[in-house]
Amino acid sequence: MDSVRSDGGTARAKLPTAIKILIAGGFGAGKTTMVGSVSETRPLRTEETLTDRGVGVDDLSGVEEKKTTTVAMDFGRISIGDAHVLYLFGTPGQERFWFVWDELALGALGAVVIADTRRLADCFPSVDYFERRGTPFIVAVNCFEGARRYDLEEIRMALDLGPATPVVLCDARQRESSKNVLVTLVQHAISTRTQEPIAG
């Protein structure tokens, strides 16, 4: 978009800087919920109803009430003033859709791995994936009602995370809680990148 300058010419309006963030984790951990709670626009969702064809394929233990699943991605957006826009991409949690991850991960600043303490092992593949790629990530423990509470250090040890990887509690349904998770990730990603050695 062009704007008129004081000298009568035109100046091209500066576009905001795009920042890409992934929201990952196991099946039913709260990825779609987090994107929806924090997006300033109506999020794009690619959810489909779970059917009998998933029996024996999808493990619903601990999330028996879940009726839908993401088959491609969730997408949301948050503006930070006029200078930056966060684009949120929720990854599919089931193994048969993991082929989508490589495309979604291209150009990402970092990732949030959502952990569900009822099915903590389900977030191992996400942790392993981002560790292998060298993508900065944090772990956000989604506090489901009725789920057992653990100390953050217990979760860190269970996931074999180094001391530099932040682990935080959250409620993916709450906008402010989800915003705090994203702020923690951005701060961690910036800190990680500024500490990287300069190739020479």
# chains A, B, ... in the order shown; residues from 1 in each chain; ligands from 1
$ residues_around --residues "region 160-163 of chain A" --least-positions-apart "2" --cutoff "10 Å" --atoms "only C-alpha atoms" --output "ChimeraX atom specification"
/A:124,127,131,138-139,153-158,165-167
$ residues_around --residues "Lys31 (chain A)" --least-positions-apart "5" --cutoff "9 Å" --atoms "only C-alpha atoms" --output "number ranges by chain"
A: 23-26, 36, 74, 90-93, 113-114, 172
$ residues_around --residues "Asp116 (chain A)" --least-positions-apart "3" --cutoff "6 Å" --atoms "only C-alpha atoms" --output "list in words"
Ala29, Arg119, Leu120 and Asn142 of chain A
$ write_last_selection --atoms "all heavy atoms" --output "compact mmCIF listing (two decimals), in the first residue's frame"
# COMPACT_ATOMS: atom_id res chain seq x y z
N ALA A 29 -3.51 -33.09 23.14
CA ALA A 29 -2.80 -32.34 24.19
C ALA A 29 -3.31 -30.91 24.35
O ALA A 29 -3.10 -30.30 25.39
CB ALA A 29 -1.30 -32.33 23.92
N ARG A 119 -0.70 -38.32 29.44
CA ARG A 119 -0.08 -39.06 28.33
C ARG A 119 1.25 -38.39 28.00
O ARG A 119 1.48 -37.99 26.85
CB ARG A 119 -1.02 -39.03 27.12
CG ARG A 119 -2.38 -39.64 27.33
CD ARG A 119 -3.41 -39.15 26.32
NE ARG A 119 -2.99 -39.28 24.95
CZ ARG A 119 -3.40 -40.24 24.11
NH1 ARG A 119 -4.25 -41.16 24.55
NH2 ARG A 119 -2.99 -40.29 22.88
N LEU A 120 2.11 -38.27 28.99
CA LEU A 120 3.34 -37.49 28.83
C LEU A 120 4.23 -38.03 27.71
O LEU A 120 4.87 -37.25 26.99
CB LEU A 120 4.11 -37.47 30.15
CG LEU A 120 5.26 -36.46 30.25
CD1 LEU A 120 4.76 -35.04 30.03
CD2 LEU A 120 5.95 -36.57 31.60
N ASN A 142 -0.02 -28.49 29.80
CA ASN A 142 -1.43 -28.10 29.79
C ASN A 142 -2.12 -28.73 31.00
O ASN A 142 -2.17 -29.96 31.13
CB ASN A 142 -2.09 -28.54 28.49
CG ASN A 142 -3.42 -27.85 28.25
OD1 ASN A 142 -3.81 -26.94 28.97
ND2 ASN A 142 -4.12 -28.29 27.21
$ closest_residue --among "A:Tyr150, A:Tyr129, A:Phe137, A:Phe144" --to "Thr192 (chain A)" --atoms "only C-alpha atoms"
A:Phe137
$ atom_distance --atom1 "CA of Gly134 (chain A)" --atom2 "CA of Gln174 (chain A)"
29.2 Å
$ residues_around --residues "Arg42 (chain A)" --least-positions-apart "5" --cutoff "10 Å" --atoms "only C-alpha atoms" --output "PyMOL selection string"
chain A and resi 35-37+75-77
$ write_last_selection --atoms "C-alpha atoms" --output "tab-separated table (two decimals), in the first residue's frame"
chain	number	residue	atom	x	y	z
A	35	VAL	CA	-4.28	-21.65	18.70
A	36	GLY	CA	-7.98	-20.87	19.00
A	37	SER	CA	-7.68	-19.20	22.41
A	75	PHE	CA	-3.54	-21.69	11.76
A	76	GLY	CA	-3.91	-18.46	13.74
A	77	ARG	CA	-2.49	-14.95	13.81
$ residues_around --residues "Pro16 (chain A)" --least-positions-apart "4" --cutoff "9 Å" --atoms "only C-alpha atoms" --output "ChimeraX atom specification"
/A:79-85
$ residues_around --residues "Phe130 (chain A)" --least-positions-apart "5" --cutoff "9 Å" --atoms "only C-alpha atoms" --output "ChimeraX atom specification"
/A:110-111,125,135-137
$ write_last_selection --atoms "C-alpha atoms" --output "short mmCIF file (atom, residue, chain, number, x, y, z; two decimals), in the first residue's frame"
data_model
loop_
_atom_site.label_atom_id
_atom_site.label_comp_id
_atom_site.auth_asym_id
_atom_site.auth_seq_id
_atom_site.Cartn_x
_atom_site.Cartn_y
_atom_site.Cartn_z
CA GLY A 110 10.62 -21.77 17.43
CA ALA A 111 8.05 -24.20 18.76
CA PRO A 125 8.37 -37.34 19.28
CA THR A 135 14.76 -25.54 16.55
CA PRO A 136 14.40 -23.57 19.82
CA PHE A 137 11.42 -24.91 21.77
#
$ decode --residues "region 165-187 of chain A" --atoms "N, CA, C and O atoms" --output "tab-separated table (two decimals), in the first residue's frame"
chain	number	residue	atom	x	y	z
A	165	THR	N	16.15	-25.51	28.45
A	165	THR	CA	14.82	-25.57	27.83
A	165	THR	C	13.74	-25.21	28.85
A	165	THR	O	13.55	-25.93	29.83
A	166	PRO	N	13.03	-24.10	28.64
A	166	PRO	CA	11.99	-23.69	29.60
A	166	PRO	C	10.84	-24.69	29.64
A	166	PRO	O	10.42	-25.25	28.62
A	167	VAL	N	10.33	-24.92	30.86
A	167	VAL	CA	9.13	-25.73	31.07
A	167	VAL	C	8.16	-24.86	31.88
A	167	VAL	O	8.52	-24.36	32.95
A	168	VAL	N	6.95	-24.67	31.36
A	168	VAL	CA	5.98	-23.79	32.02
A	168	VAL	C	4.63	-24.49	32.13
A	168	VAL	O	4.33	-25.43	31.38
A	169	LEU	N	3.81	-24.05	33.07
A	169	LEU	CA	2.43	-24.52	33.20
A	169	LEU	C	1.52	-23.61	32.39
A	169	LEU	O	1.80	-22.40	32.25
A	170	CYS	N	0.43	-24.15	31.88
A	170	CYS	CA	-0.52	-23.30	31.15
A	170	CYS	C	-1.91	-23.93	31.17
A	170	CYS	O	-2.08	-25.09	31.51
A	171	ASP	N	-2.87	-23.11	30.81
A	171	ASP	CA	-4.23	-23.57	30.52
A	171	ASP	C	-4.52	-23.12	29.09
A	171	ASP	O	-4.73	-21.93	28.84
A	172	ALA	N	-4.46	-24.05	28.16
A	172	ALA	CA	-4.57	-23.71	26.74
A	172	ALA	C	-5.90	-23.06	26.39
A	172	ALA	O	-6.03	-22.45	25.33
A	173	ARG	N	-6.89	-23.16	27.28
A	173	ARG	CA	-8.20	-22.54	27.01
A	173	ARG	C	-8.19	-21.05	27.27
A	173	ARG	O	-9.07	-20.33	26.79
A	174	GLN	N	-7.22	-20.58	28.06
A	174	GLN	CA	-7.20	-19.19	28.51
A	174	GLN	C	-6.25	-18.35	27.66
A	174	GLN	O	-5.08	-18.68	27.52
A	175	ARG	N	-6.78	-17.25	27.12
A	175	ARG	CA	-5.98	-16.40	26.23
A	175	ARG	C	-4.70	-15.90	26.89
A	175	ARG	O	-3.63	-15.97	26.30
A	176	GLU	N	-4.81	-15.37	28.11
A	176	GLU	CA	-3.63	-14.80	28.77
A	176	GLU	C	-2.59	-15.87	29.05
A	176	GLU	O	-1.38	-15.63	28.93
A	177	SER	N	-3.03	-17.05	29.43
A	177	SER	CA	-2.11	-18.14	29.69
A	177	SER	C	-1.37	-18.54	28.41
A	177	SER	O	-0.14	-18.73	28.41
A	178	SER	N	-2.10	-18.64	27.32
A	178	SER	CA	-1.48	-18.98	26.03
A	178	SER	C	-0.53	-17.88	25.57
A	178	SER	O	0.55	-18.16	25.02
A	179	LYS	N	-0.91	-16.62	25.79
A	179	LYS	CA	-0.02	-15.51	25.43
A	179	LYS	C	1.28	-15.58	26.21
A	179	LYS	O	2.36	-15.36	25.65
A	180	ASN	N	1.20	-15.90	27.50
A	180	ASN	CA	2.41	-16.02	28.31
A	180	ASN	C	3.33	-17.12	27.80
A	180	ASN	O	4.56	-16.99	27.82
A	181	VAL	N	2.74	-18.21	27.33
A	181	VAL	CA	3.53	-19.29	26.75
A	181	VAL	C	4.28	-18.79	25.51
A	181	VAL	O	5.48	-19.04	25.35
A	182	LEU	N	3.59	-18.05	24.65
A	182	LEU	CA	4.22	-17.56	23.42
A	182	LEU	C	5.31	-16.54	23.72
A	182	LEU	O	6.37	-16.53	23.07
A	183	VAL	N	5.08	-15.69	24.73
A	183	VAL	CA	6.11	-14.71	25.13
A	183	VAL	C	7.36	-15.45	25.61
A	183	VAL	O	8.50	-15.10	25.24
A	184	THR	N	7.17	-16.51	26.41
A	184	THR	CA	8.29	-17.30	26.90
A	184	THR	C	9.07	-17.92	25.75
A	184	THR	O	10.30	-17.92	25.73
A	185	LEU	N	8.34	-18.44	24.76
A	185	LEU	CA	9.00	-19.04	23.60
A	185	LEU	C	9.82	-18.02	22.83
A	185	LEU	O	10.97	-18.26	22.48
A	186	VAL	N	9.22	-16.87	22.53
A	186	VAL	CA	9.92	-15.85	21.74
A	186	VAL	C	11.18	-15.39	22.47
A	186	VAL	O	12.25	-15.27	21.87
A	187	GLN	N	11.07	-15.16	23.76
A	187	GLN	CA	12.24	-14.76	24.55
A	187	GLN	C	13.32	-15.83	24.51
A	187	GLN	O	14.51	-15.54	24.35
